[in-house]
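work34.txt follows; it contains compact mmCIF, C-alpha atoms and all ligand atoms.
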# COMPACT_ATOMS: atom_id res chain seq x y z
CA MET A 472 -12.16 13.13 10.92
CA ARG A 473 -9.10 12.45 13.04
CA SER A 474 -6.15 14.79 12.52
CA LYS A 475 -2.81 13.75 11.02
CA LEU A 476 0.86 14.60 10.98
CA ASN A 477 2.44 16.17 7.89
CA LEU A 478 5.25 13.86 6.89
CA ALA A 479 4.60 13.01 3.23
CA ASN A 480 5.21 15.23 0.21
CA LEU A 481 1.62 15.93 -0.74
CA PRO A 482 -0.20 16.26 -3.03
CA THR A 483 1.55 13.65 -5.15
CA LYS A 484 1.72 14.28 -8.88
CA ILE A 485 -0.60 12.69 -11.40
CA ILE A 486 1.05 11.97 -14.75
CA LYS A 487 -0.36 10.51 -17.92
CA ALA A 488 1.17 7.25 -19.14
CA GLU A 489 1.19 8.37 -22.76
CA LYS A 490 2.53 5.33 -24.58
CA LEU A 491 0.54 2.88 -22.51
CA SER A 492 -2.59 4.98 -23.12
CA ASN A 493 -1.95 4.91 -26.86
CA GLU A 494 -1.35 1.18 -26.87
CA LEU A 495 -4.50 0.39 -24.90
CA GLY A 496 -6.77 3.08 -26.35
CA ARG A 497 -7.64 4.37 -22.87
CA ASN A 498 -6.41 7.29 -20.81
CA ILE A 499 -4.17 5.83 -18.15
CA TYR A 500 -2.90 8.15 -15.45
CA ILE A 501 -0.52 7.33 -12.64
CA LYS A 502 -0.68 8.96 -9.22
CA ARG A 503 2.87 9.04 -7.95
CA ASP A 504 2.43 7.92 -4.37
CA ASP A 505 5.83 6.32 -4.85
CA GLN A 506 7.04 9.92 -4.51
CA THR A 507 5.62 10.71 -1.08
CA GLY A 508 9.25 10.96 0.07
CA SER A 509 12.43 8.97 -0.19
CA GLU A 510 13.08 7.27 3.18
CA ILE A 511 9.33 7.40 3.93
CA SER A 512 8.26 6.80 0.31
CA GLY A 513 5.22 4.84 -0.78
CA ASN A 514 1.64 4.43 0.37
CA LYS A 515 2.36 3.51 3.99
CA ILE A 516 3.33 7.02 5.01
CA ARG A 517 -0.20 8.28 4.30
CA LYS A 518 -1.54 5.77 6.80
CA LEU A 519 1.28 6.43 9.25
CA GLU A 520 0.47 10.14 9.28
CA TYR A 521 -2.69 9.12 11.13
CA SER A 522 -1.38 6.19 13.19
CA LEU A 523 1.71 8.04 14.38
CA LYS A 524 -0.39 11.09 15.26
CA GLU A 525 -2.43 8.83 17.52
CA ALA A 526 0.78 7.33 18.92
CA ALA A 527 2.12 10.79 19.71
CA GLU A 528 -1.15 11.80 21.39
CA ARG A 529 -0.87 8.72 23.59
CA GLY A 530 2.65 9.67 24.59
CA ALA A 531 4.26 6.67 22.92
CA THR A 532 8.04 6.32 23.09
CA THR A 533 8.36 3.06 21.14
CA ILE A 534 6.59 1.97 17.96
CA ILE A 535 6.23 -1.75 17.32
CA THR A 536 5.19 -3.07 13.94
CA THR A 537 5.57 -6.07 11.66
CA GLY A 538 5.92 -7.29 8.08
CA GLY A 539 7.96 -9.38 5.69
CA ILE A 540 11.72 -9.04 5.52
CA GLN A 541 11.43 -6.57 2.60
CA SER A 542 8.42 -4.78 4.10
CA ASN A 543 8.03 -1.26 2.72
CA HIS A 544 5.74 -0.56 5.65
CA CYS A 545 8.41 -1.43 8.22
CA ARG A 546 10.98 0.76 6.47
CA ALA A 547 8.57 3.72 6.22
CA THR A 548 7.56 3.26 9.87
CA THR A 549 11.20 3.20 10.97
CA ALA A 550 12.00 6.37 9.04
CA ALA A 551 8.87 8.21 10.19
CA ALA A 552 9.35 7.19 13.82
CA THR A 553 12.95 8.34 13.60
CA ILE A 554 11.78 11.77 12.41
CA LEU A 555 9.52 11.93 15.47
CA GLY A 556 12.26 10.81 17.84
CA LEU A 557 10.59 7.50 18.65
CA LYS A 558 12.24 4.08 19.01
CA VAL A 559 11.19 1.23 16.75
CA VAL A 560 10.96 -2.52 17.16
CA LEU A 561 10.28 -4.48 13.97
CA LEU A 562 9.01 -8.04 13.96
CA LEU A 563 10.12 -9.41 10.60
CA ARG A 564 9.07 -12.65 8.96
CA ILE A 565 11.95 -14.76 7.69
CA SER A 566 12.27 -18.24 6.28
CA GLU A 567 16.05 -18.31 5.93
CA SER A 568 18.86 -16.07 7.06
CA PRO A 569 18.15 -12.77 5.35
CA LYS A 570 20.52 -10.90 3.04
CA THR A 571 21.18 -7.33 4.10
CA GLU A 572 19.58 -5.65 1.09
CA GLY A 573 16.67 -3.44 0.04
CA ASN A 574 14.31 -2.27 2.78
CA PHE A 575 15.90 -4.58 5.33
CA PHE A 576 19.26 -2.94 4.67
CA LEU A 577 17.71 0.49 5.25
CA ASN A 578 16.16 -0.67 8.51
CA LYS A 579 19.63 -1.74 9.62
CA ILE A 580 21.05 1.65 8.66
CA PHE A 581 18.34 3.30 10.75
CA GLY A 582 19.39 1.14 13.67
CA ALA A 583 15.91 -0.30 14.19
CA GLU A 584 15.68 -3.05 16.79
CA ILE A 585 14.78 -6.16 14.83
CA ARG A 586 13.13 -9.37 16.04
CA TYR A 587 12.40 -12.31 13.78
CA CYS A 588 9.62 -14.82 13.43
CA THR A 589 8.90 -17.78 11.16
CA PRO A 590 6.20 -17.65 8.47
CA ASP A 591 3.95 -19.82 10.68
CA GLU A 592 4.41 -17.62 13.72
CA TYR A 593 3.74 -14.61 11.53
CA LYS A 594 0.53 -16.08 10.19
CA ILE A 595 -0.84 -17.32 13.48
CA SER A 596 0.50 -15.10 16.23
CA ARG A 597 2.24 -11.94 14.98
CA ASN A 598 -0.09 -9.69 16.96
CA GLU A 599 0.44 -11.71 20.15
CA ILE A 600 4.21 -11.59 19.64
CA MET A 601 4.04 -7.81 19.21
CA MET A 602 1.96 -7.57 22.41
CA SER A 603 4.56 -9.53 24.31
CA ILE A 604 7.33 -7.29 22.95
CA ALA A 605 5.24 -4.30 24.09
CA GLN A 606 4.91 -5.79 27.56
CA GLU A 607 8.64 -6.42 27.74
CA LYS A 608 9.38 -2.83 26.70
CA GLU A 609 6.81 -1.35 29.07
CA GLU A 610 8.45 -3.16 31.97
CA MET A 611 11.54 -1.18 30.98
CA GLY A 612 9.58 2.08 31.15
CA GLU A 613 8.68 2.56 27.49
CA ILE A 614 5.21 3.51 26.33
CA CYS A 615 4.42 1.34 23.32
CA TYR A 616 2.17 1.83 20.35
CA VAL A 617 1.60 -1.23 18.17
CA ILE A 618 0.82 -0.81 14.47
CA PRO A 619 -0.54 -3.89 12.68
CA GLU A 620 0.79 -5.25 9.37
CA GLY A 621 0.71 -2.57 6.66
CA ALA A 622 -0.86 -0.08 9.11
CA SER A 623 -4.05 -1.56 7.72
CA ASN A 624 -6.53 -0.84 10.46
CA GLY A 625 -9.22 1.78 10.95
CA ILE A 626 -6.88 4.66 11.71
CA GLY A 627 -4.50 3.77 8.85
CA SER A 628 -7.37 3.63 6.38
CA LEU A 629 -7.93 7.36 6.91
CA GLY A 630 -4.72 8.00 4.97
CA TYR A 631 -6.37 6.86 1.76
CA PHE A 632 -9.70 8.47 2.59
CA ASN A 633 -7.64 11.63 2.61
CA ALA A 634 -5.82 10.60 -0.59
CA MET A 635 -9.16 10.28 -2.40
CA GLU A 636 -10.03 13.82 -1.27
CA GLU A 637 -6.71 14.88 -2.79
CA ILE A 638 -7.68 13.10 -6.03
CA ILE A 639 -11.02 14.98 -6.13
CA GLN A 640 -9.12 18.27 -5.86
CA GLN A 641 -6.71 17.22 -8.62
CA GLU A 642 -9.61 16.21 -10.88
CA ARG A 643 -10.92 19.77 -10.54
CA GLU A 644 -7.56 21.27 -11.32
CA MET A 645 -6.93 18.97 -14.28
CA GLY A 646 -10.47 19.10 -15.63
CA ILE A 647 -10.69 15.30 -15.70
CA ARG A 648 -12.90 12.75 -14.04
CA PHE A 649 -11.31 9.38 -13.34
CA ASP A 650 -14.01 6.77 -13.77
CA THR A 651 -11.79 3.98 -12.44
CA VAL A 652 -9.16 3.89 -9.71
CA VAL A 653 -6.76 0.94 -9.60
CA VAL A 654 -4.53 -0.08 -6.70
CA ALA A 655 -2.54 -3.08 -5.49
CA VAL A 656 -3.91 -4.82 -2.39
CA GLY A 657 -1.59 -6.44 0.13
CA SER A 658 -3.19 -5.86 3.51
CA GLY A 659 -6.27 -3.90 2.47
CA GLY A 660 -5.91 -0.53 4.21
CA THR A 661 -5.28 1.46 1.06
CA TYR A 662 -8.29 0.02 -0.69
CA SER A 663 -10.41 0.57 2.42
CA GLY A 664 -9.75 4.32 2.58
CA LEU A 665 -10.28 4.82 -1.15
CA SER A 666 -13.54 2.91 -1.12
CA LEU A 667 -14.89 4.75 1.91
CA ALA A 668 -14.25 8.17 0.39
CA ASN A 669 -15.66 6.98 -2.94
CA LYS A 670 -18.84 6.07 -1.12
CA TYR A 671 -19.02 9.08 1.18
CA TYR A 672 -18.57 11.64 -1.61
CA ASN A 673 -20.79 9.63 -3.96
CA LEU A 674 -18.03 9.65 -6.59
CA LYS A 675 -19.33 6.51 -8.29
CA LYS A 676 -15.85 5.48 -9.33
CA ARG A 677 -15.05 1.89 -9.97
CA VAL A 678 -12.30 1.13 -7.44
CA ILE A 679 -10.48 -2.04 -8.44
CA GLY A 680 -8.00 -3.69 -6.11
CA PHE A 681 -5.56 -6.20 -7.55
CA ALA A 682 -4.62 -8.71 -4.87
CA VAL A 683 -0.91 -9.57 -4.70
CA CYS A 684 -1.58 -12.68 -2.58
CA ASP A 685 -4.55 -14.56 -1.12
CA THR A 686 -8.05 -14.55 -2.64
CA SER A 687 -10.77 -12.00 -3.37
CA GLU A 688 -12.93 -13.54 -0.63
CA TYR A 689 -10.15 -13.13 1.91
CA PHE A 690 -9.63 -9.47 1.07
CA ILE A 691 -13.32 -8.63 0.90
CA GLU A 692 -13.66 -9.86 4.50
CA ARG A 693 -10.51 -8.10 5.57
CA ILE A 694 -11.42 -4.77 3.94
CA ASP A 695 -14.94 -4.99 5.33
CA THR A 696 -13.45 -5.33 8.83
CA ILE A 697 -11.12 -2.36 8.27
CA ASN A 698 -14.01 -0.29 6.89
CA LYS A 699 -16.08 -0.97 10.01
CA GLU A 700 -13.19 0.12 12.19
CA ALA A 701 -12.48 3.22 10.11
CA ILE A 702 -15.99 4.65 9.73
CA PRO A 703 -16.37 5.84 13.36
CA LEU A 704 -12.94 7.52 13.09
CA THR A 705 -14.02 9.51 10.03
CA GLY A 706 -16.83 11.03 12.10
CA LYS A 707 -19.04 10.61 9.05
CA LYS A 708 -22.02 8.47 8.29
CA ILE A 709 -20.95 5.95 5.63
CA GLU A 710 -22.74 2.78 4.68
CA ILE A 711 -20.79 0.40 2.52
CA SER A 712 -21.40 -3.27 1.85
CA LYS A 713 -19.12 -6.12 0.92
CA GLU A 714 -20.67 -6.16 -2.55
CA GLU A 715 -19.10 -2.77 -3.20
CA ILE A 716 -15.58 -4.10 -2.65
CA GLU A 717 -14.04 -5.19 -5.97
CA ILE A 718 -10.93 -7.34 -5.71
CA ASN A 719 -9.38 -9.11 -8.68
CA ASP A 720 -7.24 -12.07 -7.60
CA LYS A 721 -6.27 -13.38 -11.04
CA TYR A 722 -2.82 -11.77 -11.01
CA THR A 723 -1.26 -12.96 -7.77
CA GLY A 724 1.12 -14.98 -9.94
CA ILE A 725 3.27 -17.52 -8.13
CA GLY A 726 2.75 -15.99 -4.70
CA TYR A 727 3.56 -13.10 -2.40
CA ALA A 728 6.85 -11.40 -3.26
CA LEU A 729 7.58 -13.99 -5.95
CA SER A 730 7.87 -12.86 -9.57
CA THR A 731 7.20 -14.58 -12.87
CA PRO A 732 9.38 -13.77 -15.91
CA GLU A 733 6.32 -12.08 -17.47
CA GLU A 734 5.95 -9.72 -14.51
CA LEU A 735 9.63 -8.80 -14.63
CA GLU A 736 9.41 -8.20 -18.39
CA PHE A 737 6.44 -5.95 -17.71
CA ILE A 738 8.53 -3.88 -15.28
CA LYS A 739 11.00 -3.34 -18.14
CA LYS A 740 8.22 -2.49 -20.57
CA ILE A 741 6.78 0.24 -18.33
CA ALA A 742 10.24 1.58 -17.51
CA VAL A 743 11.06 1.91 -21.20
CA SER A 744 7.73 3.42 -22.24
CA GLU A 745 6.92 5.70 -19.29
CA ALA A 746 10.14 6.14 -17.31
CA VAL A 747 8.23 4.73 -14.33
CA ILE A 748 9.72 1.93 -12.27
CA LEU A 749 7.19 -0.48 -10.82
CA ASP A 750 8.02 -2.66 -7.84
CA PRO A 751 7.93 -6.45 -8.22
CA VAL A 752 5.79 -7.23 -5.15
CA TYR A 753 2.81 -4.91 -5.60
CA THR A 754 2.60 -2.40 -8.41
CA ALA A 755 3.97 -4.64 -11.18
CA LYS A 756 1.34 -7.26 -10.42
CA ALA A 757 -1.43 -4.69 -10.21
CA MET A 758 -0.52 -2.87 -13.40
CA TYR A 759 0.10 -6.14 -15.21
CA GLY A 760 -3.41 -7.10 -14.10
CA LEU A 761 -4.87 -3.82 -15.33
CA TYR A 762 -3.05 -4.19 -18.66
CA ASN A 763 -4.30 -7.72 -19.21
CA GLU A 764 -7.84 -6.96 -18.13
CA ILE A 765 -8.01 -4.12 -20.67
CA LYS A 766 -6.44 -6.32 -23.36
CA SER A 767 -8.98 -9.05 -22.74
CA ASP A 768 -11.75 -6.47 -22.91
CA ASN A 769 -12.95 -6.89 -19.34
CA LEU A 770 -12.92 -3.16 -18.52
CA LYS A 771 -15.09 -1.85 -21.32
CA SER A 772 -16.51 1.16 -19.48
CA SER A 773 -13.22 2.39 -18.02
CA ASP A 774 -11.93 5.27 -20.13
CA ASN A 775 -10.09 7.47 -17.66
CA ILE A 776 -8.16 5.22 -15.34
CA LEU A 777 -6.08 6.35 -12.38
CA PHE A 778 -3.47 3.82 -11.30
CA ILE A 779 -2.03 4.56 -7.88
CA HIS A 780 1.68 3.84 -7.81
CA THR A 781 2.04 2.84 -4.18
CA GLY A 782 5.87 2.69 -4.16
CA GLY A 783 8.13 -0.22 -3.28
CA LEU A 784 11.22 0.72 -5.28
CA PHE A 785 13.67 -0.57 -2.66
CA GLY A 786 12.14 -4.05 -3.01
CA LEU A 787 13.23 -4.16 -6.64
CA PHE A 788 16.96 -4.26 -5.94
CA PRO A 789 16.98 -7.66 -4.19
CA LYS A 790 15.44 -9.03 -7.42
CA GLN A 791 18.04 -7.74 -9.83
CA ASP A 792 19.55 -11.17 -10.51
CA GLN A 793 16.19 -12.49 -11.69
CA PHE A 794 16.05 -10.08 -14.62
CA SER A 795 17.37 -11.04 -18.01
CA PHE A 796 18.80 -8.45 -20.38
C1 LIG A 801 1.84 -2.21 1.27
C2 LIG A 801 1.92 -1.91 -0.16
C3 LIG A 801 0.79 -2.01 -1.00
C4 LIG A 801 -0.52 -2.54 -0.51
O1 LIG A 801 -1.22 -1.67 0.31
P1 LIG A 801 -2.20 -2.27 1.41
O2 LIG A 801 -2.79 -1.10 2.05
O3 LIG A 801 -1.32 -3.08 2.33
O4 LIG A 801 -3.19 -3.15 0.74
C5 LIG A 801 0.92 -1.67 -2.32
N1 LIG A 801 2.10 -1.26 -2.82
C6 LIG A 801 3.20 -1.15 -2.06
C7 LIG A 801 4.47 -0.72 -2.71
C8 LIG A 801 3.15 -1.47 -0.70
O5 LIG A 801 4.26 -1.37 0.03

Re-express the file's structure as structure tokens.
Ligand SMILES: *Cc1c(COP(=O)(O)O)cnc(C)c1O
Amino acid sequence: MRSKLNLANLPTKIIKAEKLSNELGRNIYIKRDDQTGSEISGNKIRKLEYSLKEAAERGATTIITTGGIQSNHCRATTAAATILGLKVVLLLRISESPKTEGNFFLNKIFGAEIRYCTPDEYKISRNEIMMSIAQEKEEMGEICYVIPEGASNGIGSLGYFNAMEEIIQQEREMGIRFDTVVVAVGSGGTYSGLSLANKYYNLKKRVIGFAVCDTSEYFIERIDTINKEAIPLTGKKIEISKEEIEINDKYTGIGYALSTPEELEFIKKIAVSEAVILDPVYTAKAMYGLYNEIKSDNLKSSDNILFIHTGGLFGLFPKQDQFSF
């Protein structure tokens, strides 16, 4: 296994969602990966502990990465790179002139260098644009390290391989076995690492990813690609097929980063019952999916469920006007 930096507050707590468990008649636990830090909070820092270690080993001076305007990944990368004394260039996707709020606001505070691209450019050529930024910076003497969207590549996946090892340890301490692990899926790296460790340690957990955009087919391909890239970096022999990747795409709602009134009501419901704030882009959709799947009796054999709260709090504030009280 590759080595990592220690940037996140680990291990993250596992709490029981008592009222939700009572309502649904299942034991629902929440792993607080939203509490991996404050500036670096969320799931991305686990991946970045591996990617930025590699960057440091390669002598990088500038980190280049990309995401949406409210990208949690870009904010966590900026904060982590700042800790390490590295410069950052962010390539952010925008469709109109962005308001200085949420994660984008924090990136501005950090003084990150920000470049913009259109949704089409993002979709088709974000990696090429990042390569050309890298070339430009290298001509100025920088050594660049490019991290793809969400740090969802082989090296980033190791962060959640490691998180699953942490979960195994916590199961021992708590005297519980989680039969099901639930996580939001946006670029696939988190799911990849969890599924690889599940397979390697023969945990036989059902790992369910709730897509927040795109389709199951899309993510199965994407995660399969990440898995293939990650396995050699684990230094372990792991065989995993596409059939073992379980993605539910029924709860993407009205699209990436867009919220329905039901999803926003659900954020309020969980806040009131558990004192846990879900984010509108990822965790609200995933937990809303879990809730509805249990209600419609589609998860009959899941009794001890671990929901991974992957963070995203800063992305809630730009949505405040959409809530009704
Ligand atoms: C990025 C992100 C996810 C999705 O993780 P992926 O590894 O990209 O699939 C989930 N929740 C939050 C809050 C995120 O920022």

With 8 Å as the cut-off and all atoms listed in the file counted, what is the closest atom pair between each nearby residue of chain A and ligand LIG 801 (chain A)? Distances in Å to one decimal, ordered by chain and number, as JSON lines.
{"residue": "A:Asp505", "atom": "CA", "partner": "A:LIG801", "partner_atom": "C7", "distance": 7.5}
{"residue": "A:Gly513", "atom": "CA", "partner": "A:LIG801", "partner_atom": "C7", "distance": 5.9}
{"residue": "A:Asn514", "atom": "CA", "partner": "A:LIG801", "partner_atom": "C8", "distance": 6.2}
{"residue": "A:Lys515", "atom": "CA", "partner": "A:LIG801", "partner_atom": "C1", "distance": 6.4}
{"residue": "A:Ser542", "atom": "CA", "partner": "A:LIG801", "partner_atom": "O5", "distance": 6.7}
{"residue": "A:Asn543", "atom": "CA", "partner": "A:LIG801", "partner_atom": "O5", "distance": 4.6}
{"residue": "A:His544", "atom": "CA", "partner": "A:LIG801", "partner_atom": "O5", "distance": 5.9}
{"residue": "A:Glu620", "atom": "CA", "partner": "A:LIG801", "partner_atom": "O3", "distance": 7.7}
{"residue": "A:Gly621", "atom": "CA", "partner": "A:LIG801", "partner_atom": "O3", "distance": 4.8}
{"residue": "A:Ala622", "atom": "CA", "partner": "A:LIG801", "partner_atom": "O2", "distance": 7.4}
{"residue": "A:Ser623", "atom": "CA", "partner": "A:LIG801", "partner_atom": "O2", "distance": 5.8}
{"residue": "A:Ser628", "atom": "CA", "partner": "A:LIG801", "partner_atom": "O2", "distance": 7.9}
{"residue": "A:Val654", "atom": "CA", "partner": "A:LIG801", "partner_atom": "C5", "distance": 7.2}
{"residue": "A:Ala655", "atom": "CA", "partner": "A:LIG801", "partner_atom": "C5", "distance": 4.9}
{"residue": "A:Val656", "atom": "CA", "partner": "A:LIG801", "partner_atom": "O4", "distance": 3.6}
{"residue": "A:Gly657", "atom": "CA", "partner": "A:LIG801", "partner_atom": "O4", "distance": 3.7}
{"residue": "A:Ser658", "atom": "CA", "partner": "A:LIG801", "partner_atom": "O3", "distance": 3.6}
{"residue": "A:Gly659", "atom": "CA", "partner": "A:LIG801", "partner_atom": "O4", "distance": 3.6}
{"residue": "A:Gly660", "atom": "CA", "partner": "A:LIG801", "partner_atom": "O2", "distance": 3.8}
{"residue": "A:Thr661", "atom": "CA", "partner": "A:LIG801", "partner_atom": "O2", "distance": 3.7}
{"residue": "A:Tyr662", "atom": "CA", "partner": "A:LIG801", "partner_atom": "O4", "distance": 6.2}
{"residue": "A:Ser663", "atom": "CA", "partner": "A:LIG801", "partner_atom": "O2", "distance": 7.8}
{"residue": "A:Asp750", "atom": "CA", "partner": "A:LIG801", "partner_atom": "C7", "distance": 6.5}
{"residue": "A:Val752", "atom": "CA", "partner": "A:LIG801", "partner_atom": "C7", "distance": 7.1}
{"residue": "A:Tyr753", "atom": "CA", "partner": "A:LIG801", "partner_atom": "N1", "distance": 4.6}
{"residue": "A:Thr754", "atom": "CA", "partner": "A:LIG801", "partner_atom": "N1", "distance": 5.7}
{"residue": "A:His780", "atom": "CA", "partner": "A:LIG801", "partner_atom": "N1", "distance": 7.1}
{"residue": "A:Thr781", "atom": "CA", "partner": "A:LIG801", "partner_atom": "N1", "distance": 4.3}
{"residue": "A:Gly782", "atom": "CA", "partner": "A:LIG801", "partner_atom": "C7", "distance": 4.0}
{"residue": "A:Gly783", "atom": "CA", "partner": "A:LIG801", "partner_atom": "C7", "distance": 3.7}
{"residue": "A:Leu784", "atom": "CA", "partner": "A:LIG801", "partner_atom": "C7", "distance": 7.4}

File of the preceding selection, C-alpha atoms, as a compact mmCIF listing (two decimals), in the frame of the given file:
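The new file result.txt reads:
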# COMPACT_ATOMS: atom_id res chain seq x y z
CA ASP A 505 5.83 6.32 -4.85
CA GLY A 513 5.22 4.84 -0.78
CA ASN A 514 1.64 4.43 0.37
CA LYS A 515 2.36 3.51 3.99
CA SER A 542 8.42 -4.78 4.10
CA ASN A 543 8.03 -1.26 2.72
CA HIS A 544 5.74 -0.56 5.65
CA GLU A 620 0.79 -5.25 9.37
CA GLY A 621 0.71 -2.57 6.66
CA ALA A 622 -0.86 -0.08 9.11
CA SER A 623 -4.05 -1.56 7.72
CA SER A 628 -7.37 3.63 6.38
CA VAL A 654 -4.53 -0.08 -6.70
CA ALA A 655 -2.54 -3.08 -5.49
CA VAL A 656 -3.91 -4.82 -2.39
CA GLY A 657 -1.59 -6.44 0.13
CA SER A 658 -3.19 -5.86 3.51
CA GLY A 659 -6.27 -3.90 2.47
CA GLY A 660 -5.91 -0.53 4.21
CA THR A 661 -5.28 1.46 1.06
CA TYR A 662 -8.29 0.02 -0.69
CA SER A 663 -10.41 0.57 2.42
CA ASP A 750 8.02 -2.66 -7.84
CA VAL A 752 5.79 -7.23 -5.15
CA TYR A 753 2.81 -4.91 -5.60
CA THR A 754 2.60 -2.40 -8.41
CA HIS A 780 1.68 3.84 -7.81
CA THR A 781 2.04 2.84 -4.18
CA GLY A 782 5.87 2.69 -4.16
CA GLY A 783 8.13 -0.22 -3.28
CA LEU A 784 11.22 0.72 -5.28

7 Å contact set for range 691-706 of chain A, all atoms listed in the file, chain neighbours under 3 positions out, as an MDAnalysis selection string
chainID A and resid 472:473 624:626 628:629 659:660 663 687:688 709 713 716

CA of Ile486 in chain A and CA of Ala757 in chain A are how many Å apart?
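Distance between the two atoms: 17.4 Å.
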
Restricting the calculation to all atoms listed in the file: of A:Asn669, A:Gly573, A:Met645, A:Glu715, which residue gets closest to Ile485 in chain A?
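The shortest atom-to-atom distance to Ile485 in chain A comes from A:Met645.
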
List the neighbours of Leu577 in chain A out to 9 Å using only C-alpha atoms; skip same-chain residues closer than 6 positions along the sequence, and give me the result as a PyMOL selection string.
chain A and resi 510+546+571+785

Shell around Lys579 in chain A at 12 Å using all atoms listed in the file, local window under 5 positions removed, as a ChimeraX atom specification
/A:540-541,545-546,549-550,559-561,569-574,584-586

What would the file look like if the residues just selected were written as a compact mmCIF listing (two decimals), in the coordinates of the input with C-alpha atoms?
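Below is the file out34.txt, written as the result:
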# COMPACT_ATOMS: atom_id res chain seq x y z
CA ILE A 540 11.72 -9.04 5.52
CA GLN A 541 11.43 -6.57 2.60
CA CYS A 545 8.41 -1.43 8.22
CA ARG A 546 10.98 0.76 6.47
CA THR A 549 11.20 3.20 10.97
CA ALA A 550 12.00 6.37 9.04
CA VAL A 559 11.19 1.23 16.75
CA VAL A 560 10.96 -2.52 17.16
CA LEU A 561 10.28 -4.48 13.97
CA PRO A 569 18.15 -12.77 5.35
CA LYS A 570 20.52 -10.90 3.04
CA THR A 571 21.18 -7.33 4.10
CA GLU A 572 19.58 -5.65 1.09
CA GLY A 573 16.67 -3.44 0.04
CA ASN A 574 14.31 -2.27 2.78
CA GLU A 584 15.68 -3.05 16.79
CA ILE A 585 14.78 -6.16 14.83
CA ARG A 586 13.13 -9.37 16.04

One-decimal distance in Å that lies between CA of Tyr500 in chain A and CA of Leu476 in chain A:
27.5 Å

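Picture a line from CA of Val678 in chain A to CA of Lys740 in chain A; it runs 24.6 Å.
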
9 Å contact set for range 744-749 of chain A, all atoms listed in the file, chain neighbours under 5 positions out, as a PyMOL selection string
chain A and resi 487-491+737-739+754-756+758+780+782-784+787

Residues at most 12 Å from Ser730 in chain A, counting all atoms listed in the file, excluding those fewer than 2 positions away in the same chain, as a PDB file with C-alpha atoms, keeping the file's coordinate frame?
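Result written to result.pdb:
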ATOM      1  CA  VAL A 683      -0.910  -9.570  -4.700  1.00  0.00           C
ATOM      2  CA  CYS A 684      -1.580 -12.680  -2.580  1.00  0.00           C
ATOM      3  CA  TYR A 722      -2.820 -11.770 -11.010  1.00  0.00           C
ATOM      4  CA  THR A 723      -1.260 -12.960  -7.770  1.00  0.00           C
ATOM      5  CA  GLY A 724       1.120 -14.980  -9.940  1.00  0.00           C
ATOM      6  CA  ILE A 725       3.270 -17.520  -8.130  1.00  0.00           C
ATOM      7  CA  GLY A 726       2.750 -15.990  -4.700  1.00  0.00           C
ATOM      8  CA  TYR A 727       3.560 -13.100  -2.400  1.00  0.00           C
ATOM      9  CA  ALA A 728       6.850 -11.400  -3.260  1.00  0.00           C
ATOM     10  CA  PRO A 732       9.380 -13.770 -15.910  1.00  0.00           C
ATOM     11  CA  GLU A 733       6.320 -12.080 -17.470  1.00  0.00           C
ATOM     12  CA  GLU A 734       5.950  -9.720 -14.510  1.00  0.00           C
ATOM     13  CA  LEU A 735       9.630  -8.800 -14.630  1.00  0.00           C
ATOM     14  CA  GLU A 736       9.410  -8.200 -18.390  1.00  0.00           C
ATOM     15  CA  PHE A 737       6.440  -5.950 -17.710  1.00  0.00           C
ATOM     16  CA  ILE A 738       8.530  -3.880 -15.280  1.00  0.00           C
ATOM     17  CA  ASP A 750       8.020  -2.660  -7.840  1.00  0.00           C
ATOM     18  CA  PRO A 751       7.930  -6.450  -8.220  1.00  0.00           C
ATOM     19  CA  VAL A 752       5.790  -7.230  -5.150  1.00  0.00           C
ATOM     20  CA  TYR A 753       2.810  -4.910  -5.600  1.00  0.00           C
ATOM     21  CA  THR A 754       2.600  -2.400  -8.410  1.00  0.00           C
ATOM     22  CA  ALA A 755       3.970  -4.640 -11.180  1.00  0.00           C
ATOM     23  CA  LYS A 756       1.340  -7.260 -10.420  1.00  0.00           C
ATOM     24  CA  TYR A 759       0.100  -6.140 -15.210  1.00  0.00           C
ATOM     25  CA  GLY A 786      12.140  -4.050  -3.010  1.00  0.00           C
ATOM     26  CA  LEU A 787      13.230  -4.160  -6.640  1.00  0.00           C
ATOM     27  CA  PRO A 789      16.980  -7.660  -4.190  1.00  0.00           C
ATOM     28  CA  LYS A 790      15.440  -9.030  -7.420  1.00  0.00           C
ATOM     29  CA  GLN A 791      18.040  -7.740  -9.830  1.00  0.00           C
ATOM     30  CA  ASP A 792      19.550 -11.170 -10.510  1.00  0.00           C
ATOM     31  CA  GLN A 793      16.190 -12.490 -11.690  1.00  0.00           C
ATOM     32  CA  PHE A 794      16.050 -10.080 -14.620  1.00  0.00           C
TER      33      PHE A 794
END
